[in-house]
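Asker: Contents are compact mmCIF, C-alpha atoms and all ligand atoms; file name target-v6.txt:
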# COMPACT_ATOMS: atom_id res chain seq x y z
CA MET A 499 7.51 -17.91 -32.56
CA LEU A 500 5.81 -18.01 -29.18
CA THR A 501 7.91 -16.63 -26.38
CA LYS A 502 5.36 -15.97 -23.73
CA THR A 503 5.63 -17.66 -20.37
CA ILE A 504 2.30 -17.82 -18.61
CA ILE A 505 2.02 -18.45 -14.91
CA VAL A 506 -1.47 -19.36 -13.79
CA GLY A 507 -2.00 -18.08 -10.26
CA ALA A 508 -0.78 -14.94 -8.53
CA GLY A 509 -0.44 -16.69 -5.16
CA ILE A 510 2.84 -17.00 -3.31
CA SER A 511 3.96 -19.84 -5.63
CA GLY A 512 3.13 -18.10 -8.90
CA ALA A 513 4.57 -14.79 -7.71
CA SER A 514 7.83 -16.38 -6.53
CA LEU A 515 8.25 -18.25 -9.81
CA ALA A 516 7.47 -15.11 -11.78
CA ARG A 517 10.04 -13.10 -9.84
CA LEU A 518 12.79 -15.68 -10.25
CA LEU A 519 12.17 -15.98 -13.98
CA ALA A 520 11.87 -12.21 -14.41
CA GLU A 521 15.20 -11.64 -12.69
CA ARG A 522 16.77 -13.93 -15.29
CA GLY A 523 15.45 -11.67 -18.02
CA GLU A 524 12.37 -13.66 -18.95
CA SER A 525 9.10 -11.82 -19.63
CA VAL A 526 6.27 -13.40 -17.72
CA LEU A 527 2.51 -13.02 -17.77
CA VAL A 528 0.84 -13.93 -14.49
CA ILE A 529 -2.91 -14.50 -14.70
CA ASP A 530 -5.36 -15.10 -11.90
CA ALA A 531 -9.07 -15.84 -11.94
CA LYS A 532 -9.53 -13.84 -8.74
CA ASP A 533 -9.72 -10.07 -8.56
CA HIS A 534 -6.71 -9.89 -6.25
CA ILE A 535 -3.18 -11.22 -5.93
CA ALA A 536 -1.77 -13.45 -3.15
CA GLY A 537 -4.16 -16.38 -3.64
CA ASN A 538 -5.07 -18.12 -0.40
CA CYS A 539 -2.65 -15.91 1.51
CA TYR A 540 -4.68 -12.82 0.59
CA ASP A 541 -5.09 -10.51 3.55
CA CYS A 542 -6.62 -7.08 3.96
CA LEU A 543 -7.53 -4.65 6.70
CA GLU A 544 -11.07 -4.87 8.00
CA ASP A 545 -11.97 -2.58 10.89
CA GLY A 546 -8.28 -2.16 11.64
CA ILE A 547 -7.56 -5.91 11.75
CA MET A 548 -5.45 -7.62 9.14
CA VAL A 549 -7.84 -10.40 8.15
CA HIS A 550 -6.60 -13.46 6.29
CA LYS A 551 -9.57 -13.83 3.99
CA TYR A 552 -9.23 -17.54 3.22
CA GLY A 553 -7.93 -18.70 6.59
CA THR A 554 -5.07 -17.80 8.89
CA HIS A 555 -1.63 -18.15 7.32
CA ILE A 556 1.70 -18.40 9.06
CA PHE A 557 4.90 -18.56 7.09
CA HIS A 558 7.25 -21.33 8.16
CA THR A 559 10.18 -23.05 6.53
CA ASN A 560 13.42 -24.77 7.38
CA ASN A 561 14.88 -23.74 4.07
CA LYS A 562 17.31 -20.84 4.39
CA ASP A 563 17.27 -20.13 0.64
CA VAL A 564 13.50 -19.66 0.70
CA TRP A 565 13.67 -17.49 3.82
CA ASP A 566 16.49 -15.31 2.44
CA PHE A 567 14.63 -14.93 -0.84
CA LEU A 568 11.42 -13.72 0.84
CA CYS A 569 13.36 -11.44 3.20
CA ARG A 570 14.12 -9.34 0.13
CA PHE A 571 10.42 -8.53 -0.14
CA THR A 572 9.25 -8.17 3.43
CA LYS A 573 10.27 -7.65 7.01
CA TRP A 574 8.72 -10.06 9.50
CA TYR A 575 6.94 -10.04 12.77
CA PRO A 576 8.46 -12.93 14.71
CA TYR A 577 5.62 -15.30 15.46
CA GLN A 578 5.65 -18.85 16.81
CA HIS A 579 2.33 -20.52 16.18
CA LYS A 580 0.54 -22.24 19.05
CA VAL A 581 -2.86 -23.91 18.97
CA LEU A 582 -5.06 -24.72 21.92
CA GLY A 583 -7.79 -27.33 21.91
CA LEU A 584 -10.83 -27.25 24.15
CA VAL A 585 -11.09 -30.70 25.71
CA ASP A 586 -13.52 -31.38 28.56
CA GLY A 587 -13.74 -27.70 29.36
CA GLN A 588 -10.04 -26.92 29.48
CA THR A 589 -7.58 -25.68 26.92
CA ILE A 590 -4.64 -27.93 26.08
CA PRO A 591 -1.79 -27.61 23.55
CA ILE A 592 -2.50 -29.09 20.10
CA PRO A 593 -0.86 -31.21 18.73
CA PHE A 594 -1.30 -33.26 21.88
CA ASN A 595 2.07 -33.28 23.64
CA LEU A 596 3.54 -34.04 27.05
CA ASN A 597 2.20 -30.78 28.46
CA SER A 598 -1.30 -31.74 27.21
CA LEU A 599 -0.85 -35.14 28.84
CA HIS A 600 -0.15 -33.58 32.23
CA LEU A 601 -3.13 -31.26 31.90
CA VAL A 602 -5.68 -34.01 31.26
CA PHE A 603 -4.46 -36.82 33.56
CA PRO A 604 -3.52 -36.97 37.26
CA LYS A 605 0.24 -36.71 37.87
CA ASN A 606 0.95 -40.41 38.56
CA MET A 607 -0.90 -41.49 35.47
CA ALA A 608 0.64 -38.78 33.29
CA ASP A 609 4.16 -39.64 34.52
CA LYS A 610 3.60 -43.31 33.68
CA LEU A 611 2.23 -42.56 30.20
CA GLU A 612 5.05 -40.12 29.50
CA LEU A 613 7.59 -42.81 30.34
CA ARG A 614 5.81 -45.34 28.11
CA LEU A 615 5.74 -42.90 25.20
CA ILE A 616 9.44 -42.10 25.52
CA GLU A 617 10.40 -45.76 25.95
CA ASN A 618 8.43 -46.79 22.86
CA PHE A 619 9.10 -43.93 20.50
CA GLY A 620 11.82 -41.71 22.00
CA PHE A 621 11.75 -38.07 23.03
CA ASN A 622 11.01 -35.26 20.54
CA LYS A 623 9.25 -37.61 18.12
CA LYS A 624 5.98 -37.00 16.28
CA ILE A 625 3.77 -40.06 16.17
CA PRO A 626 0.66 -40.21 13.98
CA ILE A 627 -2.42 -41.07 16.00
CA LEU A 628 -3.03 -44.28 14.03
CA LYS A 629 0.48 -45.56 14.81
CA LEU A 630 -0.09 -44.95 18.51
CA ARG A 631 -3.37 -46.87 18.34
CA GLU A 632 -1.62 -49.83 16.75
CA SER A 633 1.06 -50.07 19.45
CA GLY A 634 0.92 -53.29 21.48
CA ASP A 635 1.39 -51.48 24.82
CA GLY A 636 -1.86 -51.46 26.84
CA ASP A 637 -1.18 -48.06 28.45
CA LEU A 638 -0.43 -46.47 25.10
CA GLN A 639 -3.51 -48.10 23.62
CA PHE A 640 -5.55 -46.45 26.37
CA LEU A 641 -3.88 -43.09 25.69
CA ALA A 642 -4.38 -43.50 21.96
CA ASP A 643 -8.08 -44.20 22.45
CA TYR A 644 -8.41 -41.15 24.69
CA ILE A 645 -6.71 -38.83 22.19
CA TYR A 646 -8.59 -40.44 19.33
CA GLN A 647 -11.97 -39.89 20.99
CA LYS A 648 -11.32 -36.46 22.46
CA ILE A 649 -9.36 -34.84 19.68
CA PHE A 650 -9.23 -36.68 16.39
CA LEU A 651 -12.59 -38.34 15.93
CA GLU A 652 -14.91 -35.34 16.10
CA TYR A 653 -12.48 -33.02 14.40
CA THR A 654 -11.83 -35.41 11.52
CA LEU A 655 -15.49 -36.31 11.13
CA LYS A 656 -16.29 -32.64 10.92
CA GLN A 657 -13.44 -31.66 8.64
CA TRP A 658 -13.43 -34.58 6.22
CA GLY A 659 -16.80 -36.23 6.72
CA LEU A 660 -14.98 -39.50 7.46
CA ALA A 661 -13.56 -41.29 10.52
CA PRO A 662 -9.75 -40.99 10.82
CA ASP A 663 -9.11 -44.65 9.88
CA GLU A 664 -11.15 -44.20 6.68
CA ILE A 665 -8.79 -41.59 5.29
CA ASP A 666 -5.17 -41.62 4.26
CA PRO A 667 -2.89 -41.80 7.37
CA ALA A 668 -0.77 -39.13 5.71
CA ILE A 669 -3.65 -36.73 6.30
CA THR A 670 -4.43 -37.64 9.91
CA GLY A 671 -0.69 -37.81 10.53
CA ARG A 672 -0.48 -34.11 9.81
CA VAL A 673 -1.69 -33.53 13.37
CA PRO A 674 0.53 -35.93 15.25
CA VAL A 675 1.02 -36.69 18.91
CA TYR A 676 4.21 -34.89 19.81
CA ILE A 677 6.42 -36.47 22.49
CA SER A 678 7.85 -33.17 23.62
CA ARG A 679 7.27 -30.15 25.85
CA ASP A 680 7.38 -27.85 22.85
CA ASP A 681 3.91 -26.30 22.51
CA ARG A 682 4.60 -24.74 19.11
CA TYR A 683 2.56 -25.98 16.15
CA PHE A 684 5.53 -25.77 13.78
CA GLN A 685 9.11 -26.50 14.67
CA ASP A 686 10.58 -24.84 11.57
CA ARG A 687 13.64 -22.69 12.02
CA TYR A 688 12.14 -19.71 10.21
CA GLN A 689 8.64 -18.56 11.11
CA GLY A 690 6.85 -15.27 10.87
CA ILE A 691 4.08 -13.02 9.61
CA PRO A 692 5.03 -10.52 6.90
CA MET A 693 4.97 -6.93 8.16
CA GLY A 694 2.25 -5.18 6.19
CA GLY A 695 0.71 -8.52 5.25
CA PHE A 696 1.10 -11.36 2.78
CA THR A 697 -0.62 -9.42 0.00
CA ALA A 698 1.91 -6.58 0.26
CA MET A 699 4.76 -9.10 0.17
CA VAL A 700 3.33 -10.80 -2.93
CA GLY A 701 2.80 -7.36 -4.51
CA ARG A 702 6.51 -6.62 -4.11
CA LEU A 703 7.41 -10.02 -5.57
CA LEU A 704 5.38 -9.18 -8.66
CA ASP A 705 6.70 -5.64 -8.93
CA HIS A 706 9.24 -6.12 -11.73
CA PRO A 707 9.38 -4.67 -15.27
CA ASN A 708 9.41 -8.19 -16.76
CA ILE A 709 6.22 -9.21 -14.99
CA ALA A 710 2.72 -8.41 -16.23
CA VAL A 711 -0.24 -9.34 -14.04
CA GLN A 712 -3.77 -9.87 -15.33
CA LEU A 713 -6.46 -10.42 -12.72
CA ASN A 714 -10.03 -11.67 -13.34
CA THR A 715 -8.50 -13.93 -15.99
CA PRO A 716 -9.28 -17.65 -15.69
CA PHE A 717 -6.89 -19.92 -17.56
CA ASP A 718 -8.27 -20.92 -20.92
CA LYS A 719 -6.83 -23.93 -22.73
CA GLY A 720 -6.98 -21.93 -25.95
CA MET A 721 -4.36 -19.50 -24.64
CA GLN A 722 -1.09 -19.40 -26.57
CA TYR A 723 2.14 -19.85 -24.67
CA LYS A 724 5.57 -21.33 -24.92
CA ARG A 725 5.83 -22.34 -21.29
CA LEU A 726 3.09 -22.74 -18.74
CA PHE A 727 3.29 -22.96 -14.96
CA HIS A 728 -0.06 -23.83 -13.43
CA THR A 729 -0.28 -23.24 -9.68
CA GLY A 730 -4.02 -23.94 -9.45
CA SER A 731 -5.67 -27.30 -8.82
CA ILE A 732 -3.96 -30.06 -10.72
CA ASP A 733 -7.19 -32.06 -11.05
CA GLU A 734 -8.93 -29.07 -12.59
CA PHE A 735 -6.08 -28.62 -15.07
CA PHE A 736 -6.28 -32.25 -16.20
CA ASP A 737 -10.09 -32.31 -16.09
CA ILE A 738 -10.02 -35.04 -13.48
CA SER A 739 -13.41 -35.68 -11.97
CA LEU A 740 -13.66 -35.26 -8.20
CA GLU A 741 -16.26 -38.01 -8.02
CA ASN A 742 -13.76 -40.63 -6.93
CA CYS A 743 -11.80 -38.31 -4.71
CA PRO A 744 -11.63 -39.85 -1.20
CA ILE A 745 -11.81 -36.47 0.49
CA ALA A 746 -15.22 -34.93 0.84
CA ALA A 747 -15.42 -31.17 0.49
CA SER A 748 -15.19 -29.51 3.86
CA THR A 749 -18.32 -28.10 5.33
CA LEU A 750 -18.29 -24.41 5.80
CA ILE A 751 -19.81 -23.23 9.01
CA SER A 752 -18.72 -19.65 8.74
CA SER A 753 -22.15 -18.35 9.68
CA ASN A 754 -21.72 -19.97 13.09
CA LEU A 755 -18.33 -18.35 13.37
CA ARG A 756 -19.72 -14.97 12.49
CA ASN A 757 -22.49 -15.37 15.06
CA LEU A 758 -19.89 -16.22 17.63
CA ALA A 759 -17.76 -13.24 16.61
CA SER A 760 -20.65 -10.89 17.01
CA ARG A 761 -21.28 -12.22 20.51
CA MET A 762 -17.70 -11.73 21.64
CA PRO A 763 -17.10 -8.59 23.68
CA LEU A 764 -14.53 -6.14 22.36
CA SER A 765 -12.26 -6.88 25.27
CA SER A 766 -12.43 -10.64 24.68
CA ILE A 767 -9.02 -12.20 24.34
CA ILE A 768 -8.66 -15.88 23.59
CA PRO A 769 -5.43 -17.42 24.89
CA ALA A 770 -4.00 -18.42 21.52
CA ILE A 771 -4.70 -17.80 17.90
CA MET A 772 -6.89 -20.83 17.40
CA ILE A 773 -9.08 -22.93 19.54
CA GLY A 774 -10.45 -26.08 17.96
CA ARG A 775 -13.62 -27.44 19.43
CA GLU A 776 -13.83 -31.19 19.46
CA SER A 777 -17.34 -31.65 20.81
CA ALA A 778 -19.90 -33.83 19.09
CA ASN A 779 -22.19 -30.84 18.59
CA THR A 780 -22.23 -30.48 14.82
CA ASN A 781 -23.74 -27.02 15.08
CA GLY A 782 -20.82 -25.85 17.16
CA PHE A 783 -17.87 -23.90 15.97
CA TRP A 784 -14.80 -25.55 14.68
CA THR A 785 -11.95 -23.17 15.19
CA ILE A 786 -11.69 -19.64 16.48
CA ARG A 787 -8.87 -17.58 15.12
CA GLN A 788 -8.13 -14.28 16.72
CA THR A 789 -5.97 -12.92 13.98
CA LYS A 790 -4.84 -9.92 15.95
CA ARG A 791 -2.81 -12.34 18.06
CA LEU A 792 -0.54 -12.74 15.06
CA LEU A 793 0.82 -9.30 15.77
CA PRO A 794 3.02 -8.09 18.63
CA LEU A 795 1.13 -6.72 21.64
CA ASN A 796 2.14 -3.10 21.10
CA ILE A 797 0.65 -2.89 17.61
CA ARG A 798 -2.40 -5.14 17.98
CA PRO A 799 -5.61 -3.44 16.98
CA ARG A 800 -8.11 -2.99 19.78
CA SER A 801 -11.16 -3.92 17.77
CA ASN A 802 -13.07 -7.16 17.77
CA VAL A 803 -11.92 -10.63 16.80
CA ALA A 804 -11.89 -11.71 13.19
CA LEU A 805 -12.87 -15.26 12.53
CA THR A 806 -12.20 -17.46 9.56
CA ASN A 807 -12.56 -21.10 8.81
CA ASP A 808 -10.34 -23.81 7.41
CA ILE A 809 -11.10 -24.91 3.87
CA ILE A 810 -9.27 -26.78 1.11
CA PRO A 811 -6.79 -28.58 3.37
CA SER A 812 -4.93 -30.25 0.49
CA LEU A 813 -3.38 -26.98 -0.58
CA ALA A 814 -0.62 -27.12 1.97
CA THR A 815 0.78 -30.18 0.20
CA LYS A 816 0.70 -28.34 -3.08
CA MET A 817 2.59 -25.46 -1.51
CA ARG A 818 5.31 -27.78 -0.29
CA ASN A 819 5.73 -29.12 -3.83
CA TYR A 820 6.04 -25.65 -5.26
CA THR A 821 8.43 -24.64 -2.52
CA MET A 822 10.68 -27.47 -3.66
CA HIS A 823 10.54 -26.21 -7.25
CA ILE A 824 11.27 -22.69 -6.10
CA CYS A 825 14.24 -23.92 -4.08
CA GLY A 826 15.46 -25.66 -7.21
CA LEU A 827 15.20 -22.42 -9.15
CA LEU A 828 16.95 -20.48 -6.40
CA ARG A 829 19.94 -22.81 -6.59
CA MET A 830 20.22 -22.77 -10.38
C1 LIG B 1 -7.23 -22.15 5.68
C2 LIG B 1 -5.85 -22.38 5.18
C3 LIG B 1 -4.79 -22.12 6.02
C4 LIG B 1 -3.50 -22.33 5.56
N1 LIG B 1 -2.46 -22.02 6.39
C5 LIG B 1 -1.22 -22.15 5.95
C6 LIG B 1 -0.12 -21.76 6.75
O1 LIG B 1 -0.31 -21.32 7.86
N2 LIG B 1 1.13 -21.88 6.25
C7 LIG B 1 1.35 -22.39 5.00
O2 LIG B 1 2.51 -22.49 4.59
N3 LIG B 1 0.34 -22.77 4.21
C8 LIG B 1 -0.92 -22.65 4.65
N4 LIG B 1 -1.98 -23.01 3.86
C9 LIG B 1 -1.72 -23.47 2.54
C10 LIG B 1 -1.56 -22.18 1.75
O3 LIG B 1 -2.80 -21.75 1.26
C11 LIG B 1 -0.52 -22.35 0.75
O4 LIG B 1 0.70 -22.59 1.42
C12 LIG B 1 -0.34 -21.15 -0.17
O5 LIG B 1 -1.38 -20.23 -0.18
C13 LIG B 1 -0.26 -21.78 -1.51
O6 LIG B 1 0.08 -20.78 -2.39
P1 LIG B 1 -0.10 -21.08 -3.92
O7 LIG B 1 0.34 -19.86 -4.65
O8 LIG B 1 0.55 -22.36 -4.27
O9 LIG B 1 -1.63 -21.37 -4.12
P2 LIG B 1 -2.87 -20.38 -3.93
O10 LIG B 1 -2.66 -19.44 -2.84
O11 LIG B 1 -4.08 -21.26 -3.93
O12 LIG B 1 -2.84 -19.56 -5.29
C14 LIG B 1 -3.25 -20.14 -6.49
C15 LIG B 1 -3.87 -19.05 -7.30
O13 LIG B 1 -4.16 -19.59 -8.59
C16 LIG B 1 -5.38 -19.08 -9.02
N5 LIG B 1 -5.96 -20.03 -9.96
C17 LIG B 1 -6.24 -21.31 -9.73
N6 LIG B 1 -6.75 -21.88 -10.84
C18 LIG B 1 -6.79 -20.91 -11.76
C19 LIG B 1 -7.23 -20.87 -13.12
N7 LIG B 1 -7.70 -21.96 -13.73
N8 LIG B 1 -7.12 -19.70 -13.79
C20 LIG B 1 -6.61 -18.59 -13.19
N9 LIG B 1 -6.21 -18.58 -11.92
C21 LIG B 1 -6.28 -19.73 -11.20
C22 LIG B 1 -6.21 -18.95 -7.76
O14 LIG B 1 -7.23 -17.97 -7.94
C23 LIG B 1 -5.17 -18.52 -6.75
O15 LIG B 1 -5.11 -17.12 -6.61
C24 LIG B 1 -3.28 -22.83 4.28
C25 LIG B 1 -4.37 -23.09 3.44
C26 LIG B 1 -5.63 -22.87 3.89
C27 LIG B 1 -6.78 -23.14 2.98
Show me this structure written as structure tokens.
Ligand SMILES: Cc1cc2nc3c(=O)[nH]c(=O)nc-3n(C[C@H](O)[C@H](O)[C@H](O)COP(=O)(O)OP(=O)(O)OC[C@H]3O[C@@H](n4cnc5c(N)ncnc54)[C@H](O)[C@@H]3O)c2cc1C

Answerer:
Amino acid sequence: MLTKTIIVGAGISGASLARLLAERGESVLVIDAKDHIAGNCYDCLEDGIMVHKYGTHIFHTNNKDVWDFLCRFTKWYPYQHKVLGLVDGQTIPIPFNLNSLHLVFPKNMADKLELRLIENFGFNKKIPILKLRESGDGDLQFLADYIYQKIFLEYTLKQWGLAPDEIDPAITGRVPVYISRDDRYFQDRYQGIPMGGFTAMVGRLLDHPNIAVQLNTPFDKGMQYKRLFHTGSIDEFFDISLENCPIAASTLISSNLRNLASRMPLSSIIPAIMIGRESANTNGFWTIRQTKRLLPLNIRPRSNVALTNDIIPSLATKMRNYTMHICGLLRM
């Protein structure tokens, strides 16, 4: 009789599932096509900087069970994520919020628009850009057009290869207009960067006598198992063609980023971890991430910036789904 449970993927989802099952006495085999654990959260030291190889990752959740669970495997650097956008030569908080509003418009105009926003939607609300554009209010329509042109249009064209109204509002809505003075990117109760890195945290999750890990092992449909958890791409698992997928693959412009990195002086400090550039210049950079800003001042490395680029945006959704499953397991 087959007893083996296979988990495909040694990322944070696969490792959490493996740990929870292992602690219930189940033997688990975790396989991963890559030559390392931690999936997209993989980080490693390069020239003294903890580089997030596949893009900057910040842990954030409102779920106390998830937070308490991970606290068993890591300590955290407290970190509240903030993003600045470069609009018309000045840096403003992203998502666009009331502070951004007052930075880009004269006081009288900003006061009036702030009032309109609060009257129409209330304070501390996140409004997707498309909803703002559809509002009947002329002032808000003007504001929506401004934000659309200056922030969403170029960014979305560059990231997705489509104009914002050509793609699912759920995707553009992920970067909403925030009617608030809170400059943080996430408002979750628990946020942080694992001390020692995500990879070390995932390593401790997988460190259990009931867990075996096999790297460089792509899932093969001929594999024998009793139960399978697949944390990779669902379309790949079901052999679904990407031809009809509405989301074009993102364009990687990492060479531009690297060029930029090499031009930055060692002492260069950008004011936040990311700066998105929303100019029409398609050869320009997209985001700068100074990953050393993830760490507290006293332990930041002195060496140069490390730059990465956003790819595979749909994964965050997948993570949320797995987080829900993991929460379910935690409560069982
Ligand atoms: C640039 C970027 C930034 C992000 N920032 C954040 C953030 O700040 N906060 C956040 O919560 N989320 C963020 N995300 C989403 C984040 O990547 C996920 O939250 C998290 O990494 C998902 O973990 P996972 O284990 O589900 O998937 P993954 O990390 O993708 O792990 C899946 C693993 O499965 C393996 N695998 C897939 N298919 C197969 C196969 N057929 N055979 C064998 N192995 C396979 C892969 O090699 C991979 O190691 C970001 C994503 C990107 C791309």

Asker: Mind giving me the straight-line distance from atom CA of A:Gly512 to atom CA of A:Val711 in Å, one decimal?

Answerer: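 Separation between atom CA of A:Gly512 and atom CA of A:Val711: 10.7 Å.
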
Asker: Could you list, with a cut-off of 6 Å and counting only C-alpha atoms, the residues of stretch 684-703 of chain A near stretch 517-538 of chain A, each shown with its nearest atom pair and the distance in Å rounded to one decimal, rows sorted by chain and ascending number, as JSON lines?

Answerer:
{"residue": "A:Thr697", "atom": "CA", "partner": "A:Ala536", "partner_atom": "CA", "distance": 5.2}
{"residue": "A:Val700", "atom": "CA", "partner": "A:Ala536", "partner_atom": "CA", "distance": 5.8}
{"residue": "A:Leu703", "atom": "CA", "partner": "A:Arg517", "partner_atom": "CA", "distance": 5.9}

Asker: Can you list, as a PyMOL selection string, every protein, DNA or RNA residue that comes within 10 Å of stretch 611-620 of chain A when you count only C-alpha atoms, leaving out same-chain residues fewer than 4 positions away?

Answerer: chain A and resi 595-597+599-600+603+605-607+624-625+630+633+635-638+640-641+676-678

Asker: Since we have the selection now, will you write its residues out, keeping C-alpha atoms, as a short mmCIF file (atom, residue, chain, number, x, y, z; two decimals), keeping the file's coordinate frame?

Answerer:
data_model
loop_
_atom_site.label_atom_id
_atom_site.label_comp_id
_atom_site.auth_asym_id
_atom_site.auth_seq_id
_atom_site.Cartn_x
_atom_site.Cartn_y
_atom_site.Cartn_z
CA ASN A 595 2.07 -33.28 23.64
CA LEU A 596 3.54 -34.04 27.05
CA ASN A 597 2.20 -30.78 28.46
CA LEU A 599 -0.85 -35.14 28.84
CA HIS A 600 -0.15 -33.58 32.23
CA PHE A 603 -4.46 -36.82 33.56
CA LYS A 605 0.24 -36.71 37.87
CA ASN A 606 0.95 -40.41 38.56
CA MET A 607 -0.90 -41.49 35.47
CA LYS A 624 5.98 -37.00 16.28
CA ILE A 625 3.77 -40.06 16.17
CA LEU A 630 -0.09 -44.95 18.51
CA SER A 633 1.06 -50.07 19.45
CA ASP A 635 1.39 -51.48 24.82
CA GLY A 636 -1.86 -51.46 26.84
CA ASP A 637 -1.18 -48.06 28.45
CA LEU A 638 -0.43 -46.47 25.10
CA PHE A 640 -5.55 -46.45 26.37
CA LEU A 641 -3.88 -43.09 25.69
CA TYR A 676 4.21 -34.89 19.81
CA ILE A 677 6.42 -36.47 22.49
CA SER A 678 7.85 -33.17 23.62
#

Asker: Looking at only C-alpha atoms, which of A:Thr554, A:Phe621, A:Thr572, A:Tyr683 is the one that sits closest to A:Gly701?

Answerer: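 Distance minimum relative to A:Gly701 lands on A:Thr572.
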
Asker: Rounded to one decimal in Å, what is the spacing between atom C27 of ligand LIG 1 (chain B) and atom CA of A:Leu660?

Answerer: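 According to the coordinates, atom C27 of ligand LIG 1 (chain B) and atom CA of A:Leu660 are separated by 18.8 Å.
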
Asker: Any idea what the distance is between atom CA of A:Ile556 and atom O6 of ligand LIG 1 (chain B)?

Answerer: 11.8 Å

Asker: Which of these residues is nearest to A:Leu568, using only C-alpha atoms: A:Arg702, A:Lys623, A:Arg631, A:Arg687?

Answerer: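 Answer, going by the shortest atom-to-atom distance: A:Arg702.
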
Asker: Compare A:Gly583, A:Gly730, A:Gly690, A:Pro674 by their minimum atom-to-atom distance to ligand LIG 1 (chain B), counting all atoms listed in the file, and give me the closest one.

Answerer: A:Gly730

Asker: Find, counting all atoms listed in the file, the residue in A:Leu582, A:Ile732, A:Ile627, A:Met548 that gets nearest to ligand LIG 1 (chain B).

Answerer: A:Ile732
